[in-house]
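start-v3.cif (mmCIF, C-alpha atoms) appears below.
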```
data_final
#
loop_
_atom_site.group_PDB
_atom_site.id
_atom_site.type_symbol
_atom_site.label_atom_id
_atom_site.label_comp_id
_atom_site.auth_asym_id
_atom_site.auth_seq_id
_atom_site.Cartn_x
_atom_site.Cartn_y
_atom_site.Cartn_z
ATOM 1 C CA MET E 1 -2.364 15.811 -6.062
ATOM 2 C CA GLY E 2 1.358 16.253 -6.307
ATOM 3 C CA LYS E 3 4.042 13.863 -7.442
ATOM 4 C CA HIS E 4 6.831 12.302 -5.424
ATOM 5 C CA ARG E 5 10.428 12.156 -6.487
ATOM 6 C CA ARG E 6 11.279 8.877 -8.171
ATOM 7 C CA VAL E 7 13.888 6.676 -6.550
ATOM 8 C CA SER E 8 16.064 4.497 -8.761
ATOM 9 C CA PRO E 9 16.981 1.031 -7.420
ATOM 10 C CA PRO E 10 20.751 1.449 -7.098
ATOM 11 C CA LYS E 11 20.752 4.949 -5.642
ATOM 12 C CA LYS E 12 19.713 6.769 -2.485
ATOM 13 C CA ARG E 13 18.164 10.196 -2.468
ATOM 14 C CA HIS E 14 17.578 12.373 0.552
ATOM 15 C CA LEU E 15 14.015 13.608 0.706
ATOM 16 C CA THR E 16 13.861 16.966 2.442
ATOM 17 C CA ARG E 17 10.108 17.357 2.364
ATOM 18 C CA VAL E 18 6.969 15.298 1.945
ATOM 19 C CA ILE E 19 4.910 16.049 -1.119
ATOM 20 C CA LEU E 20 1.165 15.470 -1.380
ATOM 21 C CA GLY E 21 0.430 12.405 -3.465
ATOM 22 C CA MET E 22 3.094 9.991 -2.284
ATOM 23 C CA SER E 23 3.074 7.988 0.861
ATOM 24 C CA VAL E 24 5.836 8.780 2.844
ATOM 25 C CA ALA E 25 9.095 10.233 2.778
ATOM 26 C CA VAL E 26 10.072 11.208 6.274
ATOM 27 C CA THR E 27 11.869 14.540 6.446
ATOM 28 C CA GLY E 28 15.581 14.055 6.045
ATOM 29 C CA GLY E 29 15.274 10.345 5.344
ATOM 30 C CA ALA E 30 17.093 8.344 2.732
ATOM 31 C CA VAL E 31 14.812 6.048 0.768
ATOM 32 C CA THR E 32 16.180 2.955 -0.887
ATOM 33 C CA ALA E 33 14.607 0.057 -2.711
ATOM 34 C CA PRO E 34 14.351 -2.411 0.196
ATOM 35 C CA GLN E 35 14.125 -6.167 -0.140
ATOM 36 C CA ALA E 36 10.755 -7.698 0.586
ATOM 37 C CA PHE E 37 9.081 -5.635 3.321
ATOM 38 C CA ALA E 38 12.143 -4.470 5.253
ATOM 39 C CA ALA E 39 10.343 -5.376 8.458
ATOM 40 C CA GLY E 40 11.849 -6.374 11.768
ATOM 41 C CA ALA E 41 12.769 -9.931 12.627
ATOM 42 C CA HIS E 42 9.519 -10.404 14.512
ATOM 43 C CA ASP E 43 7.521 -9.919 11.328
ATOM 44 C CA PRO E 44 6.842 -13.325 9.666
ATOM 45 C CA LEU E 45 6.767 -11.644 6.269
ATOM 46 C CA ASN E 46 10.360 -10.436 6.515
ATOM 47 C CA ALA E 47 11.904 -13.110 4.354
ATOM 48 C CA PRO E 48 14.269 -12.920 1.364
ATOM 49 C CA ALA E 49 12.526 -13.103 -1.968
ATOM 50 C CA ALA E 50 14.425 -16.314 -2.700
ATOM 51 C CA GLU E 51 12.395 -18.087 -0.012
ATOM 52 C CA VAL E 52 9.109 -17.184 -1.662
ATOM 53 C CA PRO E 53 7.627 -19.816 -4.003
ATOM 54 C CA GLN E 54 8.472 -18.894 -7.575
ATOM 55 C CA LEU E 55 5.053 -18.547 -9.126
ATOM 56 C CA SER E 56 3.011 -15.633 -10.328
ATOM 57 C CA TRP E 57 -0.370 -14.796 -8.842
ATOM 58 C CA ALA E 58 -2.107 -15.119 -12.189
ATOM 59 C CA ALA E 59 -0.575 -18.531 -12.844
ATOM 60 C CA SER E 60 -1.224 -20.032 -9.417
ATOM 61 C CA ALA E 61 -3.708 -22.895 -9.311
ATOM 62 C CA PRO E 62 -5.215 -24.962 -6.475
ATOM 63 C CA SER E 63 -2.528 -27.611 -6.995
ATOM 64 C CA SER E 64 0.310 -25.058 -7.006
ATOM 65 C CA PRO E 65 2.500 -24.536 -3.934
ATOM 66 C CA LYS E 66 1.013 -21.981 -1.608
ATOM 67 C CA THR E 67 2.594 -18.557 -1.418
ATOM 68 C CA ARG E 68 3.924 -17.257 1.880
ATOM 69 C CA LEU E 69 0.895 -14.973 2.238
ATOM 70 C CA GLN E 70 -1.514 -17.832 1.597
ATOM 71 C CA VAL E 71 0.159 -19.865 4.342
ATOM 72 C CA ILE E 72 0.013 -16.933 6.774
ATOM 73 C CA ALA E 73 -3.652 -16.346 5.922
ATOM 74 C CA GLU E 74 -4.517 -19.776 7.286
ATOM 75 C CA GLY E 75 -3.993 -18.399 10.793
ATOM 76 C CA LEU E 76 -5.955 -15.177 10.224
ATOM 77 C CA PRO E 77 -9.684 -14.369 10.413
ATOM 78 C CA LYS E 78 -11.700 -15.354 7.360
ATOM 79 C CA VAL E 79 -12.432 -12.058 5.666
ATOM 80 C CA SER E 80 -13.898 -11.411 2.217
ATOM 81 C CA ALA E 81 -13.014 -8.561 -0.100
ATOM 82 C CA ALA E 82 -16.545 -7.223 0.392
ATOM 83 C CA GLN E 83 -16.035 -7.059 4.158
ATOM 84 C CA LEU E 84 -12.778 -5.146 3.809
ATOM 85 C CA LEU E 85 -14.297 -2.747 1.287
ATOM 86 C CA ALA E 86 -17.236 -2.119 3.614
ATOM 87 C CA VAL E 87 -14.830 -0.937 6.332
ATOM 88 C CA ALA E 88 -12.954 1.231 3.822
ATOM 89 C CA GLU E 89 -16.220 2.737 2.586
ATOM 90 C CA GLN E 90 -17.268 3.612 6.136
ATOM 91 C CA GLN E 91 -14.290 5.994 6.285
ATOM 92 C CA ILE E 92 -15.475 8.108 3.338
ATOM 93 C CA GLY E 93 -15.656 11.733 4.400
ATOM 94 C CA ILE E 94 -12.760 11.649 6.870
ATOM 95 C CA ARG E 95 -10.387 14.449 6.021
ATOM 96 C CA GLU E 96 -7.009 15.743 7.082
ATOM 97 C CA ASN E 97 -6.446 18.938 9.028
ATOM 98 C CA SER E 98 -5.001 22.153 7.638
ATOM 99 C CA SER E 99 -1.476 20.797 8.115
ATOM 100 C CA GLY E 100 -2.163 17.659 6.074
ATOM 101 C CA GLY E 101 -2.406 15.276 9.026
ATOM 102 C CA GLY E 102 -4.440 14.715 12.149
ATOM 103 C CA THR E 103 -6.341 11.640 10.987
ATOM 104 C CA LYS E 104 -6.804 8.435 12.962
ATOM 105 C CA PHE E 105 -4.738 6.750 10.268
ATOM 106 C CA HIS E 106 -1.744 8.911 11.184
ATOM 107 C CA SER E 107 -2.240 8.257 14.900
ATOM 108 C CA TRP E 108 -2.502 4.507 14.384
ATOM 109 C CA TYR E 109 0.600 4.293 12.232
ATOM 110 C CA MET E 110 2.657 6.475 14.549
ATOM 111 C CA SER E 111 1.808 4.214 17.499
ATOM 112 C CA SER E 112 2.360 0.931 15.626
ATOM 113 C CA PRO E 113 5.534 -1.192 15.721
ATOM 114 C CA ARG E 114 5.844 -0.636 11.991
ATOM 115 C CA VAL E 115 6.793 3.024 12.392
ATOM 116 C CA LYS E 116 10.112 2.087 14.024
ATOM 117 C CA GLU E 117 10.882 -0.214 11.136
ATOM 118 C CA THR E 118 10.197 2.408 8.470
ATOM 119 C CA ILE E 119 12.217 4.984 10.410
ATOM 120 C CA ALA E 120 15.123 2.519 10.476
ATOM 121 C CA ARG E 121 14.728 2.122 6.718
ATOM 122 C CA ASP E 122 13.983 5.720 5.682
ATOM 123 C CA GLY E 123 15.372 7.857 8.490
ATOM 124 C CA GLY E 124 13.541 10.647 10.280
ATOM 125 C CA ASN E 125 11.485 10.282 13.445
ATOM 126 C CA VAL E 126 7.966 9.421 14.562
ATOM 127 C CA GLN E 127 6.798 13.025 14.563
ATOM 128 C CA GLY E 128 7.752 13.267 10.896
ATOM 129 C CA TYR E 129 4.715 11.125 10.115
ATOM 130 C CA ALA E 130 2.237 13.428 11.852
ATOM 131 C CA ASN E 131 1.427 15.431 8.715
ATOM 132 C CA ALA E 132 2.818 13.064 6.092
ATOM 133 C CA PRO E 133 0.826 11.960 3.018
ATOM 134 C CA TRP E 134 -1.389 9.164 4.253
ATOM 135 C CA CYS E 135 -2.909 7.129 1.422
ATOM 136 C CA ASP E 136 -0.806 4.100 2.375
ATOM 137 C CA MET E 137 -1.468 4.568 6.091
ATOM 138 C CA PHE E 138 -5.176 4.426 5.222
ATOM 139 C CA VAL E 139 -5.048 1.113 3.337
ATOM 140 C CA SER E 140 -2.794 -0.365 6.029
ATOM 141 C CA TRP E 141 -5.223 0.747 8.757
ATOM 142 C CA VAL E 142 -8.157 -0.898 6.965
ATOM 143 C CA GLY E 143 -6.250 -4.176 6.742
ATOM 144 C CA GLU E 144 -5.576 -3.993 10.481
ATOM 145 C CA GLN E 145 -9.222 -3.321 11.328
ATOM 146 C CA VAL E 146 -10.475 -6.435 9.558
ATOM 147 C CA GLY E 147 -7.706 -8.630 10.950
ATOM 148 C CA ILE E 148 -5.750 -9.441 7.799
ATOM 149 C CA ARG E 149 -3.035 -6.837 7.926
ATOM 150 C CA PRO E 150 -0.331 -9.522 7.449
ATOM 151 C CA THR E 151 -1.611 -10.137 3.895
ATOM 152 C CA VAL E 152 -2.593 -6.521 3.159
ATOM 153 C CA GLY E 153 0.795 -5.275 4.324
ATOM 154 C CA TRP E 154 1.566 -2.080 6.182
ATOM 155 C CA ASP E 155 3.710 0.811 5.142
ATOM 156 C CA ALA E 156 3.610 4.537 4.603
ATOM 157 C CA TYR E 157 5.650 4.534 1.389
ATOM 158 C CA THR E 158 3.808 3.272 -1.665
ATOM 159 C CA VAL E 159 6.890 2.134 -3.589
ATOM 160 C CA SER E 160 8.016 -0.146 -0.759
ATOM 161 C CA HIS E 161 4.486 -1.498 -0.301
ATOM 162 C CA ALA E 162 4.252 -2.381 -3.986
ATOM 163 C CA GLN E 163 7.672 -4.059 -3.861
ATOM 164 C CA TRP E 164 6.481 -6.131 -0.903
ATOM 165 C CA PHE E 165 3.552 -7.491 -2.928
ATOM 166 C CA GLN E 166 5.826 -8.156 -5.863
ATOM 167 C CA ASN E 167 8.416 -9.971 -3.734
ATOM 168 C CA ASN E 168 5.663 -12.084 -2.170
ATOM 169 C CA ARG E 169 4.298 -13.016 -5.619
ATOM 170 C CA HIS E 170 0.958 -11.318 -5.039
ATOM 171 C CA TRP E 171 1.332 -8.722 -7.777
ATOM 172 C CA GLY E 172 -0.438 -8.477 -11.121
ATOM 173 C CA ASP E 173 -2.325 -6.398 -13.648
ATOM 174 C CA THR E 174 -5.947 -7.490 -13.068
ATOM 175 C CA PRO E 175 -8.272 -5.115 -11.143
ATOM 176 C CA ARG E 176 -9.952 -7.429 -8.642
ATOM 177 C CA PRO E 177 -12.273 -6.158 -5.890
ATOM 178 C CA GLY E 178 -10.292 -5.701 -2.699
ATOM 179 C CA ALA E 179 -6.927 -5.459 -4.462
ATOM 180 C CA LEU E 180 -4.624 -2.587 -3.619
ATOM 181 C CA VAL E 181 -4.167 -0.435 -6.694
ATOM 182 C CA PHE E 182 -0.948 1.523 -7.186
ATOM 183 C CA PHE E 183 -0.978 4.630 -9.389
ATOM 184 C CA ASP E 184 1.556 6.660 -11.350
ATOM 185 C CA TRP E 185 0.029 9.969 -12.434
ATOM 186 C CA SER E 186 2.489 10.198 -15.331
ATOM 187 C CA ARG E 187 1.164 6.811 -16.539
ATOM 188 C CA GLY E 188 4.482 5.004 -16.398
ATOM 189 C CA ASP E 189 4.806 1.289 -15.681
ATOM 190 C CA SER E 190 7.660 1.268 -13.159
ATOM 191 C CA ILE E 191 7.127 0.549 -9.472
ATOM 192 C CA TYR E 192 9.595 3.368 -8.766
ATOM 193 C CA GLY E 193 7.186 5.889 -10.287
ATOM 194 C CA ILE E 194 4.281 5.040 -7.972
ATOM 195 C CA ASP E 195 2.558 8.073 -6.466
ATOM 196 C CA HIS E 196 -0.553 6.788 -4.717
ATOM 197 C CA VAL E 197 -2.479 3.724 -3.516
ATOM 198 C CA GLY E 198 -6.096 2.797 -2.807
ATOM 199 C CA PHE E 199 -8.466 -0.163 -2.943
ATOM 200 C CA VAL E 200 -10.235 -1.458 -6.046
ATOM 201 C CA LYS E 201 -13.996 -1.527 -5.492
ATOM 202 C CA HIS E 202 -14.829 -2.876 -8.938
ATOM 203 C CA ASP E 203 -13.764 -2.974 -12.556
ATOM 204 C CA ASN E 204 -16.159 -0.867 -14.610
ATOM 205 C CA GLY E 205 -15.380 -2.759 -17.803
ATOM 206 C CA ASP E 206 -14.761 0.419 -19.793
ATOM 207 C CA GLY E 207 -11.112 1.055 -19.040
ATOM 208 C CA THR E 208 -11.830 2.564 -15.641
ATOM 209 C CA ILE E 209 -11.998 1.257 -12.093
ATOM 210 C CA THR E 210 -13.964 2.443 -9.072
ATOM 211 C CA THR E 211 -11.743 2.857 -6.023
ATOM 212 C CA ILE E 212 -11.782 3.862 -2.373
ATOM 213 C CA GLU E 213 -8.766 6.000 -1.477
ATOM 214 C CA GLY E 214 -7.383 8.022 1.383
ATOM 215 C CA ASN E 215 -5.528 11.327 0.941
ATOM 216 C CA THR E 216 -7.303 12.095 -2.294
ATOM 217 C CA GLY E 217 -9.158 15.121 -3.601
ATOM 218 C CA ASN E 218 -8.487 17.801 -1.011
ATOM 219 C CA GLY E 219 -7.136 15.388 1.575
ATOM 220 C CA ASN E 220 -10.164 13.154 2.095
ATOM 221 C CA VAL E 221 -11.220 9.528 2.000
ATOM 222 C CA GLU E 222 -13.288 9.313 -1.178
ATOM 223 C CA GLN E 223 -14.706 6.940 -3.748
ATOM 224 C CA ARG E 224 -13.169 7.722 -7.122
ATOM 225 C CA VAL E 225 -13.283 6.537 -10.728
ATOM 226 C CA ARG E 226 -9.813 6.213 -12.237
ATOM 227 C CA PRO E 227 -8.526 5.301 -15.711
ATOM 228 C CA GLU E 228 -6.601 2.048 -15.797
ATOM 229 C CA SER E 229 -3.920 3.862 -17.793
ATOM 230 C CA GLU E 230 -2.763 5.447 -14.518
ATOM 231 C CA VAL E 231 -2.304 2.070 -12.828
ATOM 232 C CA VAL E 232 1.156 0.530 -12.389
ATOM 233 C CA GLY E 233 -0.151 -2.694 -10.876
ATOM 234 C CA TYR E 234 -2.236 -4.391 -8.219
ATOM 235 C CA GLY E 235 -1.343 -6.047 -4.920
ATOM 236 C CA TYR E 236 -3.533 -8.966 -3.891
ATOM 237 C CA PRO E 237 -4.291 -9.631 -0.211
ATOM 238 C CA VAL E 238 -5.587 -13.089 0.678
ATOM 239 C CA TYR E 239 -9.362 -13.263 1.141
ATOM 240 C CA SER E 240 -11.502 -16.164 2.295
ATOM 241 C CA SER E 241 -13.931 -15.757 -0.604
#
```
Is it possible to express this structure as C-alpha cells?
Amino acid sequence: MGKHRRVSPPKKRHLTRVILGMSVAVTGGAVTAPQAFAAGAHDPLNAPAAEVPQLSWAASAPSSPKTRLQVIAEGLPKVSAAQLLAVAEQQIGIRENSSGGGTKFHSWYMSSPRVKETIARDGGNVQGYANAPWCDMFVSWVGEQVGIRPTVGWDAYTVSHAQWFQNNRHWGDTPRPGALVFFDWSRGDSIYGIDHVGFVKHDNGDGTITTIEGNTGNGNVEQRVRPESEVVGYGYPVYSS
C-alpha cells in the first residue's frame, strides 16, 4: 500500500496522480481542507460546523441534545452495526482490475450525485475516478446498500470523510463495531495524514482490531487485523442497536 501526499489546512496542492493507499485525488485536482462535507445544497448534511451541537460523541448521553446525524437517522431504516458488517463481509474477494479500478464501487460512485460535488471540490472529471484508489468508495457503497448512507457519509477522499465525521461530532478514539476506522501508515495522529479507511469488525482487546476493508492487500476487499497504533480515529455512523 502506498502513501498519499499530506495536505496542510491552509494550503492547496495539485495532485498530478493517484497513489494506491489513499482515497482519491482526481488527476489535476486541487485538494483543500473543506468545511463539513462540502456537499451540494440538496444534501441535508451540508451545514456549517457552528450549527452542529457542541458535544463530543464520547460525552453524549440520552439527555444530551441530539447531533445532526442522530436527527437525520430518525428518518432512515433501522440498521444495526451487525447488519452493515454482514453486507461488507459479503464483498470479501472482490478485486480491482489490472488498472486499479473496474469494481462496482467505482461504477456506483461515478454515477452518484456525489461525484459532481467532489469534482467541484477537488477538480478533475468523472473518468478520473475510474481507476482511482477505492477504499472510501467501498465504505460509502456499503452505507448506501443498507440505507444509512446519510450517517455513514460518502466520499472518495479519506481526509475529507474524516473531517465530515469530526465536524458532525461523530468522531472518537474507541474502536466500536461498525465504526469507520481511518489509518495513517506512518502512525501519526493528524487527520491530514490519513491514508486509508475501512470498517471495524471488532476490538481484539490486545491492541489490534479486526477490520473489513476495500482496496487492501493487492487491491481486494479483505478482512484484516490491524494495530491500533496505525489508527488516527474512528467515525461513528448512527445504528439502531
Applied to the shown file, which residues does the PyMOL selection byres ((chain E and resi 177-192) around 8) return, written as a PDB file with C-alpha atoms, in the frame of the given file?
```
ATOM      1  CA  LYS E   3       4.042  13.863  -7.442  1.00  0.00           C
ATOM      2  CA  ARG E   6      11.279   8.877  -8.171  1.00  0.00           C
ATOM      3  CA  VAL E   7      13.888   6.676  -6.550  1.00  0.00           C
ATOM      4  CA  SER E   8      16.064   4.497  -8.761  1.00  0.00           C
ATOM      5  CA  PRO E   9      16.981   1.031  -7.420  1.00  0.00           C
ATOM      6  CA  ALA E  81     -13.014  -8.561  -0.100  1.00  0.00           C
ATOM      7  CA  ALA E  82     -16.545  -7.223   0.392  1.00  0.00           C
ATOM      8  CA  LEU E  84     -12.778  -5.146   3.809  1.00  0.00           C
ATOM      9  CA  LEU E  85     -14.297  -2.747   1.287  1.00  0.00           C
ATOM     10  CA  VAL E 139      -5.048   1.113   3.337  1.00  0.00           C
ATOM     11  CA  THR E 158       3.808   3.272  -1.665  1.00  0.00           C
ATOM     12  CA  VAL E 159       6.890   2.134  -3.589  1.00  0.00           C
ATOM     13  CA  ALA E 162       4.252  -2.381  -3.986  1.00  0.00           C
ATOM     14  CA  GLN E 163       7.672  -4.059  -3.861  1.00  0.00           C
ATOM     15  CA  PRO E 175      -8.272  -5.115 -11.143  1.00  0.00           C
ATOM     16  CA  ARG E 176      -9.952  -7.429  -8.642  1.00  0.00           C
ATOM     17  CA  GLY E 193       7.186   5.889 -10.287  1.00  0.00           C
ATOM     18  CA  ILE E 194       4.281   5.040  -7.972  1.00  0.00           C
ATOM     19  CA  ASP E 195       2.558   8.073  -6.466  1.00  0.00           C
ATOM     20  CA  HIS E 196      -0.553   6.788  -4.717  1.00  0.00           C
ATOM     21  CA  VAL E 197      -2.479   3.724  -3.516  1.00  0.00           C
ATOM     22  CA  GLY E 198      -6.096   2.797  -2.807  1.00  0.00           C
ATOM     23  CA  PHE E 199      -8.466  -0.163  -2.943  1.00  0.00           C
ATOM     24  CA  VAL E 200     -10.235  -1.458  -6.046  1.00  0.00           C
ATOM     25  CA  LYS E 201     -13.996  -1.527  -5.492  1.00  0.00           C
ATOM     26  CA  HIS E 202     -14.829  -2.876  -8.938  1.00  0.00           C
ATOM     27  CA  ASP E 203     -13.764  -2.974 -12.556  1.00  0.00           C
ATOM     28  CA  SER E 229      -3.920   3.862 -17.793  1.00  0.00           C
ATOM     29  CA  GLU E 230      -2.763   5.447 -14.518  1.00  0.00           C
ATOM     30  CA  VAL E 231      -2.304   2.070 -12.828  1.00  0.00           C
ATOM     31  CA  VAL E 232       1.156   0.530 -12.389  1.00  0.00           C
ATOM     32  CA  GLY E 233      -0.151  -2.694 -10.876  1.00  0.00           C
ATOM     33  CA  TYR E 234      -2.236  -4.391  -8.219  1.00  0.00           C
ATOM     34  CA  GLY E 235      -1.343  -6.047  -4.920  1.00  0.00           C
ATOM     35  CA  TYR E 236      -3.533  -8.966  -3.891  1.00  0.00           C
ATOM     36  CA  PRO E 237      -4.291  -9.631  -0.211  1.00  0.00           C
TER      37      PRO E 237
END
```
Near Glu74 in chain E, counting only C-alpha atoms, which residues have an atom at most 12 Å away, once you skip same-chain residues fewer than 3 positions from it, shown as a PDB file with C-alpha atoms, keeping the file's coordinate frame?
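Done, and the output landed in result.pdb:
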```
ATOM      1  CA  LYS E  66       1.013 -21.981  -1.608  1.00  0.00           C
ATOM      2  CA  THR E  67       2.594 -18.557  -1.418  1.00  0.00           C
ATOM      3  CA  ARG E  68       3.924 -17.257   1.880  1.00  0.00           C
ATOM      4  CA  LEU E  69       0.895 -14.973   2.238  1.00  0.00           C
ATOM      5  CA  GLN E  70      -1.514 -17.832   1.597  1.00  0.00           C
ATOM      6  CA  VAL E  71       0.159 -19.865   4.342  1.00  0.00           C
ATOM      7  CA  PRO E  77      -9.684 -14.369  10.413  1.00  0.00           C
ATOM      8  CA  LYS E  78     -11.700 -15.354   7.360  1.00  0.00           C
ATOM      9  CA  VAL E  79     -12.432 -12.058   5.666  1.00  0.00           C
ATOM     10  CA  ILE E 148      -5.750  -9.441   7.799  1.00  0.00           C
ATOM     11  CA  PRO E 150      -0.331  -9.522   7.449  1.00  0.00           C
ATOM     12  CA  THR E 151      -1.611 -10.137   3.895  1.00  0.00           C
ATOM     13  CA  VAL E 238      -5.587 -13.089   0.678  1.00  0.00           C
ATOM     14  CA  TYR E 239      -9.362 -13.263   1.141  1.00  0.00           C
ATOM     15  CA  SER E 240     -11.502 -16.164   2.295  1.00  0.00           C
TER      16      SER E 240
END
```
Mind checking which residues fall within 10 Å of range 222-225 of chain E, counting all atoms listed in the file, ignoring those fewer than 6 positions away in the same chain, and posting them as an MDAnalysis selection string? chainID E and resid 88:89 91:95 198:204 208:216
What is the CA of Gly101 in chain E-CA of Ala130 in chain E distance in Å, reported with one decimal? 5.7 Å
Selection dump of the PyMOL selection byres ((chain E and resi 131) around 7), as a ChimeraX atom specification: /E:99-102,129-130,132-133
Compare E:Gln166, E:Asn218, E:Thr118, E:Ser107 by their minimum atom-to-atom distance to Trp141 in chain E, counting all atoms listed in the file, and give me the closest one.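 Closest residue, counting all atoms listed in the file: E:Ser107.
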Between CA of Trp134 in chain E and CA of Ala156 in chain E, what is the distance, to one decimal in Å?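 Pair CA of Trp134 in chain E / CA of Ala156 in chain E returns 6.8 Å.
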Restore N, CA, C and O atoms in range 90-105 of chain E and list the result as a compact mmCIF listing (two decimals), keeping the file's coordinate frame.
```txt
# COMPACT_ATOMS: atom_id res chain seq x y z
N GLN E 90 -16.78 2.92 4.95
CA GLN E 90 -17.27 3.61 6.14
C GLN E 90 -16.40 4.83 6.51
O GLN E 90 -16.84 5.69 7.26
N GLN E 91 -15.20 4.88 5.97
CA GLN E 91 -14.29 5.99 6.28
C GLN E 91 -14.46 7.18 5.33
O GLN E 91 -13.82 8.22 5.54
N ILE E 92 -15.29 7.02 4.31
CA ILE E 92 -15.48 8.11 3.34
C ILE E 92 -15.96 9.36 4.06
O ILE E 92 -16.88 9.32 4.88
N GLY E 93 -15.31 10.46 3.77
CA GLY E 93 -15.66 11.73 4.40
C GLY E 93 -14.63 12.18 5.43
O GLY E 93 -14.58 13.37 5.76
N ILE E 94 -13.83 11.25 5.95
CA ILE E 94 -12.76 11.65 6.87
C ILE E 94 -11.75 12.49 6.10
O ILE E 94 -11.38 12.17 4.97
N ARG E 95 -11.32 13.56 6.71
CA ARG E 95 -10.39 14.45 6.02
C ARG E 95 -9.26 14.88 6.94
O ARG E 95 -9.38 14.84 8.16
N GLU E 96 -8.17 15.28 6.34
CA GLU E 96 -7.01 15.74 7.08
C GLU E 96 -7.23 17.15 7.61
O GLU E 96 -8.17 17.86 7.18
N ASN E 97 -6.36 17.57 8.52
CA ASN E 97 -6.45 18.94 9.03
C ASN E 97 -5.70 19.90 8.11
O ASN E 97 -5.19 19.49 7.05
N SER E 98 -5.61 21.14 8.50
CA SER E 98 -5.00 22.15 7.64
C SER E 98 -3.51 21.94 7.43
O SER E 98 -2.92 22.51 6.51
N SER E 99 -2.90 21.10 8.26
CA SER E 99 -1.48 20.80 8.12
C SER E 99 -1.23 19.53 7.31
O SER E 99 -0.08 19.14 7.09
N GLY E 100 -2.31 18.87 6.88
CA GLY E 100 -2.16 17.66 6.07
C GLY E 100 -2.10 16.38 6.89
O GLY E 100 -1.77 15.33 6.36
N GLY E 101 -2.44 16.46 8.17
CA GLY E 101 -2.41 15.28 9.03
C GLY E 101 -3.61 15.25 9.95
O GLY E 101 -4.70 15.69 9.60
N GLY E 102 -3.39 14.70 11.14
CA GLY E 102 -4.44 14.72 12.15
C GLY E 102 -5.50 13.65 12.02
O GLY E 102 -6.48 13.67 12.76
N THR E 103 -5.33 12.69 11.12
CA THR E 103 -6.34 11.64 10.99
C THR E 103 -6.05 10.49 11.95
O THR E 103 -4.94 10.36 12.49
N LYS E 104 -7.03 9.63 12.14
CA LYS E 104 -6.80 8.44 12.96
C LYS E 104 -5.83 7.48 12.29
O LYS E 104 -5.20 6.65 12.97
N PHE E 105 -5.67 7.60 10.99
CA PHE E 105 -4.74 6.75 10.27
C PHE E 105 -3.30 7.14 10.62
O PHE E 105 -2.44 6.27 10.80
```
